[in-house]
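Structure record follows, encoded as structure tokens.
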Amino acid sequence: MLDAVPPAETVGRELHDLIARLYPICRSISGDGVRQSFELLRPFVDLEVTEVATGTAVFDWTVPREWNIREAWIADSSGRRVVDFADCNLHVLGYSTPVRTRMSLDELREHVFTHETEPDWIPFRTSYYSERWAFCLSKNQLDALEPGEYEVCIDSSLEDGAITYAEAVLPGETDEEVLVSTYSCHPSLANDNVSGIALLALLGRQLKGASHRYTYRLLWSPGSIGPISWLARNENRLGRIEHGLVASCIGDPGPMTYKRSRRGTAEIDRAVAVVLRDLGEDHRIREFVPLGGDERQFCSPGINLPVGALSRTPADEFREYHSSADNLDFVQPDALGSAFWVFMRVFDTLERNRTYANLSPKGEPQLGKRGLYRSIGGGSSQEAALLWVLNLSDGQHDLVGIAERSGLSFADVALAASALEEAGLLSAT
Amino acid sequence: MLDAVPPAETVGRELHDLIARLYPICRSISGDGVRQSFELLRPFVDLEVTEVATGTAVFDWTVPREWNIREAWIADSSGRRVVDFADCNLHVLGYSTPVRTRMSLDELREHVFTHETEPDWIPFRTSYYSERWAFCLSKNQLDALEPGEYEVCIDSSLEDGAITYAEAVLPGETDEEVLVSTYSCHPSLANDNVSGIALLALLGRQLKGASHRYTYRLLWSPGSIGPISWLARNENRLGRIEHGLVASCIGDPGPMTYKRSRRGTAEIDRAVAVVLRDLGEDHRIREFVPLGGDERQFCSPGINLPVGALSRTPADEFREYHSSADNLDFVQPDALGSAFWVFMRVFDTLERNRTYANLSPKGEPQLGKRGLYRSIGGGSSQEAALLWVLNLSDGQHDLVGIAERSGLSFADVALAASALEEAGLLSAT
Amino acid sequence: MLDAVPPAETVGRELHDLIARLYPICRSISGDGVRQSFELLRPFVDLEVTEVATGTAVFDWTVPREWNIREAWIADSSGRRVVDFADCNLHVLGYSTPVRTRMSLDELREHVFTHETEPDWIPFRTSYYSERWAFCLSKNQLDALEPGEYEVCIDSSLEDGAITYAEAVLPGETDEEVLVSTYSCHPSLANDNVSGIALLALLGRQLKGASHRYTYRLLWSPGSIGPISWLARNENRLGRIEHGLVASCIGDPGPMTYKRSRRGTAEIDRAVAVVLRDLGEDHRIREFVPLGGDERQFCSPGINLPVGALSRTPADEFREYHSSADNLDFVQPDALGSAFWVFMRVFDTLERNRTYANLSPKGEPQLGKRGLYRSIGGGSSQEAALLWVLNLSDGQHDLVGIAERSGLSFADVALAASALEEAGLLSAT
């Protein structure tokens with residue numbers, strides 16, 4: 001499965017290019033910006049796009065009205081636009097109601113958010129489920145405004161419509177699924193989460209060209225309401241999901257970070273941990289907590305799917321989080337490319353992971369007569385992987401578990417298992 | 001339950017006052033000193049006093065004869081009393097048989113105990129189950145005795161009678177019980193254990209005025225034979241005891257120390273650990289060992305109740321242990337008062353601890369529409385407790401367990417659970 | 001059981017003497033050298049010797065042809081023997097096919113092994129399952145050979161015959177067995193494993209003179225093929241083996257090393273760990289890995305016996321391993337003698353280990369009236385072992401487990417259990 005994967009450098013540059021095209025679009029939890037973003041993914045992967053109408057009940061939630069925005073600005077008394085949505089879509093509070101009026105600077109201040117610590121950065125703020133309007137400015141922009149009257153315009157609409165999610169299904173030999181989910185509701189924030197949107201597209205392209213036993217389902221949807229809608233509409237088929245990952249924030253310079261599923265020791269949890277260990281690079285494995293991203297929905301107690309979260313620095317742990325500094329310079333091709341490879345290695349590990357039964361379990365089988373053993377007895381054994389696989393292939397340990405326990409790489413363990421299976425000494429259970 | 005608890009300073013002073021009144025009385029595992037002590041508790045709590053007659057079989061034991069003592073002294077050849085029980089009741093070996101005779105200093109030495117390391121301290125020694133008589137002196141007192149003839153008098157009696165224990169029952173909404181036990185058999189030793197005797201009285205007064213679901217049973221009884229007698233007489237109702245603590249030595253300056261029950265992870269074990277953790281002060285949590293105090297009886301293998309031991313410095317770990325230095329100066333109001341609060345916090349935690357079922361377990365429920373969530377999306381969530389409670393309310397985790405796992409305080413977790421229950425999102429299982 | 005064990009110094013010297021007699025013999029996985037070695041053990045223990053014929057199928061293996069060797073040498077053109085098997089039997093590759101020919105030095109080099117790092121040491125090499133011939137020389141010997149023609153002679157035979165293993169059975173009160181296995185296939189390598197061969201003989205002599213409840217089965221057999229043959233021929237009685245040890249390499253100066261059985265927490269694993277802990281000397285406890293010696297066979301997944309491996313420095317971890325430096329100077333009487341004692345202590349622990357039921361489990365029984373308790377109450381208890389045994393004798397803990405948990409020595413715990421059993425307070429379950 002990994003043979004056809006392009007070098008990290010190549011795929012990293014492709015990811016950055018796609019991110020650059022997606023970045024300027026104004027996305028939210030609904031609206032045309034999301035639809036327009038999905039169109040940019042079609043060259044990479046076949047998409048099925050679903051619209052869930054405003055007012056639809058999804059579990060405990062109701063799908064909200066659709067938000068669209070055409071323009072927004074603040075003009076001073078001379079008519080000069082001192083703040084313009086056209087420059088940066090973070091300038092408008094997400095889901096702002098429409099407004100067109102004049103007011104004093106003091107009144108305007110009541111409708112302005114600035115970044116808490118960085119005077120040059122525009123913060124990203126939203127008000128999805130409570131109606132209001134506001135602008136987001138850098139502290140320096142706000143400070144530069146002279147007292148006087150201002151005209152404000154937010155030409156937005158908040159109307160019955162739909163939320164939109166997209167799926168790409170890459171069929172495998174079986175209908176057991178690997179679910180990879182990401183959120184598509186953020187506007188111009190490059191790492192959080194244009195990087196995740198782009199990642200899934202290129203993973204889809206890669207998986208389309210490979211043979212695999214699992215069916216891969218890629219899901220782009222707005223945070224919270226998206227997975228909730230998808231889960232509610234697919235409740236009767238969740239049993240097919242064998243493994244899952246929530247992917248996000250894969251372009252920053254931080255180490256790969258895996259947050260275990262609520263189950264804690266699911267196969268996906270063990271597989272990712274072994275992949276990251278084998279890579280030998282700095283990384284972090286964390287226990288499940290019910291805070292964070294969409295894993296909160298997939299790991300809610302009534303759903304409890306084996307879904308972990310794989311990212312570089314998790315959202316809200318990097319300084320640039322939810323600000324205009326999470327821009328195209330912040331995400332780097334090499335970080336993107338090597339993260340892509342981590343995801344592919346995880347898939348490859350899931351594909352090759354098996355629980356075997358040793359068919360010659362009484363004593364060791366004679367490896368020498370099968371050409372699996374060096375013929376001159378001498379130093380210490382170099383057949384460790386063969387012996388580990390034979391010893392633990394008792395139906396209780398999968399190859400990932402053998403890699404964990406032995407300290408050997410999954411690659412070595414899987415290679416040994418293949419050789420033993422070929423020699424008729426192992427049978428997959 | 002904690003609203004009406006007086007400040008630690010106030011209750012600490014009350015405890016010290018009661019200790020000062022109990023301190024001079026000569027108690028033992030039986031006798032009138034114990035009865036007299038119990039009378040001093042009646043102003044605080046309704047007591048039911050039980051006498052178990054000498055000769056009664058209680059499990060493997062037989063209730064011993066009752067010991068009483070009127071006076072005891074050693075007089076020199078001039079008739080001067082050089083040692084007098086009236087000065088300090090530690091001067092007589094507990095359960096000494098009566099004696100009135102004359103003997104040389106050398107003969108007398110055979111009947112004298114001194115402290116092993118401190119020349120000024122009188123040791124506390126007993127011989128409950130083997131008949132003998134002796135005096136306990138400070139090393140300096142003994143050294144000061146001139147050779148010559150001495151008259152010794154111990155006017156004690158060892159006769160059929162009873163051992164005496166007292167109970168106070170504070171009925172709750174249910175007949176599930178919290179047992180709090182302490183030993184009442186030590187004479188003038190302030191920390192070990194007049195402090196425990198006084199503590200239970202004031203806990204009883206506090207609980208009488210509060211509403212609670214558990215019924216609280218306070219038990220004052222002589223060490224070993226007391227709990228054994230009580231257990232033997234209440235064997236058919238032990239199933240009602242849901243949680244228990246052995247309380248003692250709560251007035252010294254050492255950190256609070258909890259010794260787990262034999263079960264190790266009983267609810268009481270987890271609750272005390274969370275209370276001590278949340279307080280943020282130095283404390284110690286220890287595994288169960290079958291040495292120590294009355295927990296040995298409650299945690300014997302055929303009884304195995306969920307009873308831990310909560311103290312400051314456990315008996316026999318402080319230097320003043322079993323000596324005249326364990327006096328009214330050694331126990332301090334602030335130590336007493338803050339220990340009282342720890343016990344009340346443990347009770348409060350037990351009262352509020354529940355296992356809930358999340359009634360909206362598929363995905364997260366929409367907290368915003370119920371006013372449980374800030375409306376402006378922005379920084380990191382401050383709703384951690386709500387999300388933890390929702391996620392782990394699967395019937396498998398109680399609130400104490402959620403506090404342990406999340407690292408959040410029990411107070412925050414319980415507050416979140418109340419809010420969620422009120423919102424109809426949780427139901428106690 | 002330990003009363004009659006000679007001092008470590010005495011038994012260490014006896015072991016070294018026996019090792020010195022066994023050392024010169026040329027053993028292999030078959031052949032007369034093995035039989036001759038077994039004859040030297042007969043003065044110590046009654047042996048039952050088994051021959052398994054060439055061609056016999058044993059599990060996945062087939063018993064190989066028997067190898068014997070009479071002489072072997074390399075002579076230079078002047079007829080001088082420059083390498084002679086008579087000097088050191090390591091000079092010939094184990095299982096070399098016969099050869100008698102002349103060749104140049106360059107051709108000869110194709111049939112020579114030298115030690116990888118030590119120029120003075122002759123390496124030990126074998127080719128059991130692939131036919132070839134070769135000599136093993138020190139690097140210095142090889143370098144000293146002048147160019148020219150050499151005559152080589154290996155007068156060996158590789159013919160149908162048998163492999164040979166020996167057993168000594170020391171019957172106990174029950175037919176539950178303790179198996180102690182060692183490998184007998186190495187020629188002149190003193191620690192690895194003449195030391196193991198000799199150890200079992202002296203253990204057998206010791207056990208013959210002692211009374212024990214377990215039946216001890218000592219097994220000397222060639223590595224891998226030996227245990228596999230024995231297991232195949234005894235498959236229907238493996239259920240009798242309650243505990244087992246693979247013994248080897250017990251004469252070097254390194255610390256005792258125990259490798260747990262595949263089960264990890266079998267009684268033998270816990271017993272050895274407690275014995276080594278109680279001795280208070282440097283030692284190592286390791287998890288099971290399917291590399292190493294004959295434990296690979298006993299712990300194969302279809303056999304999975306509770307068999308650990310007990311040695312000083314495990315084979316292939318000491319520098320002298322598989323070389324002429326593993327000689328009679330390398331094994332020391334004091335190391336041998338104290339290792340002997342460790343084995344005997346392990347046996348003694350297994351013999352005395354029991355799971356008891358406390359017959360007075362409600363509260364503590366009154367130890368004082370049975371003379372088990374000091375009569376004067378005073379300092380801290382010295383009856384810890386009595387209380388630990390009583391508290392944990394609930395049918396769930398054996399004495400080894402009580403020693404582990406309490407931190408008390410097994411000797412103290414077992415002594416307490418004996419006293420309690422004698423007092424009628426415990427009954428073995």
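By convention here, the chains of the structure tokens are called A, B, ... in the order presented, each chain's residues are numbered starting at 1, and ligands are numbered starting at 1 in the order presented.
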Could you give me, as CSV, every chain B residue with an atom at most 12 Å from chain A, plus its closest atom pair and distance in Å to one decimal, counting only C-alpha atoms, rows ordered by chain then number?
residue,atom,partner,partner_atom,distance
B:Ala357,CA,A:Pro301,CA,9.6
B:Asn358,CA,A:Pro301,CA,7.9
B:Leu359,CA,A:Gly302,CA,9.4
B:Ser360,CA,A:Asp60,CA,6.9
B:Pro361,CA,A:Gly302,CA,4.4
B:Lys362,CA,A:Gly302,CA,4.5
B:Gly363,CA,A:Gln297,CA,4.3
B:Glu364,CA,A:Gln297,CA,6.1
B:Pro365,CA,A:Asp60,CA,5.3
B:Gln366,CA,A:Trp61,CA,5.9
B:Leu367,CA,A:Asp60,CA,9.6
B:Gly368,CA,A:Tyr129,CA,7.1
B:Lys369,CA,A:Tyr129,CA,7.7
B:Arg370,CA,A:Tyr129,CA,11.2
B:Gly371,CA,A:Ser130,CA,10.7
B:Tyr373,CA,A:Tyr129,CA,10.3
B:Arg374,CA,A:Ser127,CA,9.7
B:Ser375,CA,A:Ser130,CA,6.2
B:Ile376,CA,A:Ser127,CA,5.0
B:Gly377,CA,A:Thr126,CA,5.2
B:Gly378,CA,A:Arg125,CA,5.4
B:Gly379,CA,A:Asp316,CA,7.2
B:Ser380,CA,A:Asp316,CA,6.4
B:Ser381,CA,A:Leu291,CA,7.7
B:Gln382,CA,A:Leu291,CA,9.9
B:Glu383,CA,A:Leu291,CA,8.8
B:Ala384,CA,A:Leu291,CA,6.8
B:Ala385,CA,A:Pro290,CA,9.5
B:Leu386,CA,A:Pro290,CA,9.6
B:Leu387,CA,A:Pro290,CA,5.9
B:Trp388,CA,A:Pro290,CA,5.8
B:Val389,CA,A:Pro290,CA,9.1
B:Leu390,CA,A:Pro301,CA,7.9
B:Asn391,CA,A:Pro301,CA,5.6
B:Leu392,CA,A:Pro301,CA,6.9
B:Ser393,CA,A:Pro301,CA,7.6
B:Asp394,CA,A:Pro301,CA,6.2
B:Gly395,CA,A:Pro301,CA,9.9
B:Gln396,CA,A:Pro301,CA,10.6
B:His397,CA,A:Pro301,CA,11.5
B:Ile402,CA,A:Val289,CA,11.1
B:Arg405,CA,A:Val289,CA,9.1
B:Ser406,CA,A:Val289,CA,7.6
B:Gly407,CA,A:Val289,CA,10.7
B:Leu408,CA,A:Val289,CA,11.9
B:Leu425,CA,A:Asp60,CA,10.3
Tyr165 (chain A) environment, 7 Å, only C-alpha atoms, sequence neighbours closer than 5 positions dropped, as a list in words: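 Once the nearby chain positions are removed, what remains is Val49, Thr50, Glu51, Trp220, Ser221 and Gly226 of chain A.
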Separation of CA of Trp73 (chain B) from CA of Leu158 (chain B) in Å: 17.9 Å
Residue contacts of Ile285 (chain A) (9 Å, only C-alpha atoms) excluding same-chain residues fewer than 2 positions away, as an MDAnalysis selection string: chainID A and resid 256:260 272:273 276 283 287
Helix (DSSP H, G or I) positions in region 14-223 of chain C, given as a PyMOL selection string: chain C and resi 14-22+32-41+89-91+105-109+139-144+190-208
Backbone DSSP call of strand (DSSP E or B) for region 96-299 of chain C, listed as a PyMOL selection string: chain C and resi 99-104+112-113+123+126+135-136+149-159+162-170+177-183+215-221+241-248+256-259+283-286
Spatial neighbours of Asp278 (chain B), max dist 12 Å, only C-alpha atoms, sep filter under 5 positions, as a list in words: Ala271, Val272, Ala273, His283, Val342, Arg345, Val346, Thr349, Val400, Ala403, Glu404, Gly407, Leu408, Ser409, Phe410, Ala411, Asp412 and Val413 of chain B
For those residues, write all heavy atoms to a file as a compact mmCIF listing (two decimals), in the first residue's frame.
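Saved result, result07.txt, follows:
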# COMPACT_ATOMS: atom_id res chain seq x y z
N ALA B 271 -13.34 8.24 47.63
CA ALA B 271 -13.87 9.53 48.09
C ALA B 271 -12.86 10.27 48.96
O ALA B 271 -12.63 11.47 48.78
CB ALA B 271 -15.18 9.31 48.85
N VAL B 272 -12.27 9.58 49.93
CA VAL B 272 -11.30 10.25 50.80
C VAL B 272 -10.12 10.75 49.98
O VAL B 272 -9.63 11.87 50.16
CB VAL B 272 -10.83 9.33 51.94
CG1 VAL B 272 -9.76 10.03 52.77
CG2 VAL B 272 -12.00 8.91 52.81
N ALA B 273 -9.67 9.93 49.03
CA ALA B 273 -8.51 10.34 48.21
C ALA B 273 -8.82 11.61 47.42
O ALA B 273 -7.98 12.50 47.30
CB ALA B 273 -8.10 9.20 47.28
N HIS B 283 -0.71 15.45 52.34
CA HIS B 283 -1.46 14.34 52.93
C HIS B 283 -0.84 13.05 52.45
O HIS B 283 0.00 13.03 51.54
CB HIS B 283 -2.93 14.42 52.52
CG HIS B 283 -3.14 14.24 51.05
ND1 HIS B 283 -3.10 15.29 50.16
CD2 HIS B 283 -3.36 13.13 50.30
CE1 HIS B 283 -3.31 14.84 48.94
NE2 HIS B 283 -3.46 13.53 48.98
N VAL B 342 -12.27 17.89 57.23
CA VAL B 342 -11.99 16.80 56.29
C VAL B 342 -13.05 15.71 56.43
O VAL B 342 -13.60 15.21 55.44
CB VAL B 342 -10.58 16.22 56.51
CG1 VAL B 342 -10.40 14.92 55.71
CG2 VAL B 342 -9.52 17.24 56.11
N ARG B 345 -16.20 16.94 54.85
CA ARG B 345 -16.10 16.93 53.38
C ARG B 345 -16.24 15.51 52.83
O ARG B 345 -16.80 15.30 51.75
CB ARG B 345 -14.76 17.52 52.93
CG ARG B 345 -14.73 19.01 52.96
CD ARG B 345 -13.44 19.55 52.31
NE ARG B 345 -13.29 20.96 52.59
CZ ARG B 345 -13.95 21.92 51.93
NH1 ARG B 345 -14.77 21.60 50.94
NH2 ARG B 345 -13.77 23.18 52.26
N VAL B 346 -15.69 14.56 53.55
CA VAL B 346 -15.85 13.17 53.10
C VAL B 346 -17.32 12.79 53.13
O VAL B 346 -17.85 12.20 52.17
CB VAL B 346 -15.00 12.22 53.97
CG1 VAL B 346 -15.34 10.76 53.65
CG2 VAL B 346 -13.52 12.49 53.76
N THR B 349 -19.10 14.40 50.32
CA THR B 349 -18.78 13.74 49.05
C THR B 349 -19.57 12.45 48.90
O THR B 349 -20.13 12.16 47.84
CB THR B 349 -17.26 13.49 48.98
OG1 THR B 349 -16.58 14.75 49.04
CG2 THR B 349 -16.88 12.76 47.70
N VAL B 400 -17.30 10.61 41.88
CA VAL B 400 -15.94 10.55 42.42
C VAL B 400 -14.98 10.02 41.36
O VAL B 400 -13.88 10.54 41.17
CB VAL B 400 -15.89 9.69 43.70
CG1 VAL B 400 -14.46 9.37 44.09
CG2 VAL B 400 -16.60 10.41 44.85
N ALA B 403 -14.28 12.69 38.90
CA ALA B 403 -13.33 13.67 39.46
C ALA B 403 -11.91 13.11 39.42
O ALA B 403 -10.96 13.81 39.07
CB ALA B 403 -13.72 14.03 40.90
N GLU B 404 -11.76 11.84 39.74
CA GLU B 404 -10.43 11.20 39.67
C GLU B 404 -9.88 11.27 38.26
O GLU B 404 -8.75 11.69 38.03
CB GLU B 404 -10.53 9.71 40.02
CG GLU B 404 -10.73 9.38 41.48
CD GLU B 404 -10.96 7.88 41.68
OE1 GLU B 404 -11.47 7.20 40.75
OE2 GLU B 404 -10.63 7.38 42.76
N GLY B 407 -9.38 14.92 36.73
CA GLY B 407 -8.52 15.86 37.44
C GLY B 407 -9.28 17.08 37.95
O GLY B 407 -8.71 17.94 38.61
N LEU B 408 -10.56 17.17 37.65
CA LEU B 408 -11.36 18.29 38.16
C LEU B 408 -11.75 18.02 39.61
O LEU B 408 -11.79 16.88 40.05
CB LEU B 408 -12.63 18.42 37.30
CG LEU B 408 -12.41 18.70 35.82
CD1 LEU B 408 -13.73 18.60 35.05
CD2 LEU B 408 -11.79 20.08 35.62
N SER B 409 -12.07 19.07 40.33
CA SER B 409 -12.47 18.88 41.73
C SER B 409 -13.84 18.21 41.79
O SER B 409 -14.67 18.37 40.88
CB SER B 409 -12.52 20.22 42.45
OG SER B 409 -13.65 20.95 42.02
N PHE B 410 -14.06 17.48 42.87
CA PHE B 410 -15.37 16.88 43.06
C PHE B 410 -16.45 17.95 43.08
O PHE B 410 -17.55 17.75 42.55
CB PHE B 410 -15.41 16.05 44.35
CG PHE B 410 -16.75 15.42 44.58
CD1 PHE B 410 -17.11 14.26 43.92
CD2 PHE B 410 -17.67 16.01 45.44
CE1 PHE B 410 -18.37 13.70 44.10
CE2 PHE B 410 -18.93 15.45 45.63
CZ PHE B 410 -19.27 14.29 44.97
N ALA B 411 -16.13 19.10 43.66
CA ALA B 411 -17.13 20.18 43.73
C ALA B 411 -17.57 20.59 42.33
O ALA B 411 -18.77 20.72 42.06
CB ALA B 411 -16.53 21.38 44.48
N ASP B 412 -16.62 20.78 41.43
CA ASP B 412 -16.97 21.18 40.06
C ASP B 412 -17.77 20.09 39.36
O ASP B 412 -18.73 20.37 38.64
CB ASP B 412 -15.69 21.45 39.25
CG ASP B 412 -15.06 22.79 39.62
OD1 ASP B 412 -15.71 23.57 40.35
OD2 ASP B 412 -13.92 23.03 39.20
N VAL B 413 -17.35 18.86 39.57
CA VAL B 413 -18.03 17.75 38.91
C VAL B 413 -19.46 17.62 39.44
O VAL B 413 -20.42 17.44 38.67
CB VAL B 413 -17.22 16.44 39.13
CG1 VAL B 413 -18.04 15.22 38.75
CG2 VAL B 413 -15.93 16.49 38.31
Pick from C:Leu47, C:Leu137, C:Ile154, C:Ala144 nearest to Tyr95 (chain C), counting only C-alpha atoms: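 Comparing C:Leu47, C:Leu137, C:Ile154, C:Ala144 against Tyr95 (chain C), the winner is C:Ile154.
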Non-local contacts of Val83 (chain A) (9 Å; only C-alpha atoms; under 2 positions in same chain excluded) as a PyMOL selection string: chain A and resi 72-75+80-81+85-87+91+135+137+141
Coordinates-based distance that separates CA of Glu177 (chain B) from CA of Ile241 (chain B) (Å, one decimal):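 For CA of Ile241 (chain B) relative to CA of Glu177 (chain B), the distance reads 4.6 Å.
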Residue neighbourhood Asp120 (chain A), 10 Å, only C-alpha atoms, exclusion window fewer than 3 positions, as JSON, numbers by chain: {"A": [114, 115, 117, 123, 137, 138, 139, 140, 141, 323, 324, 325]}
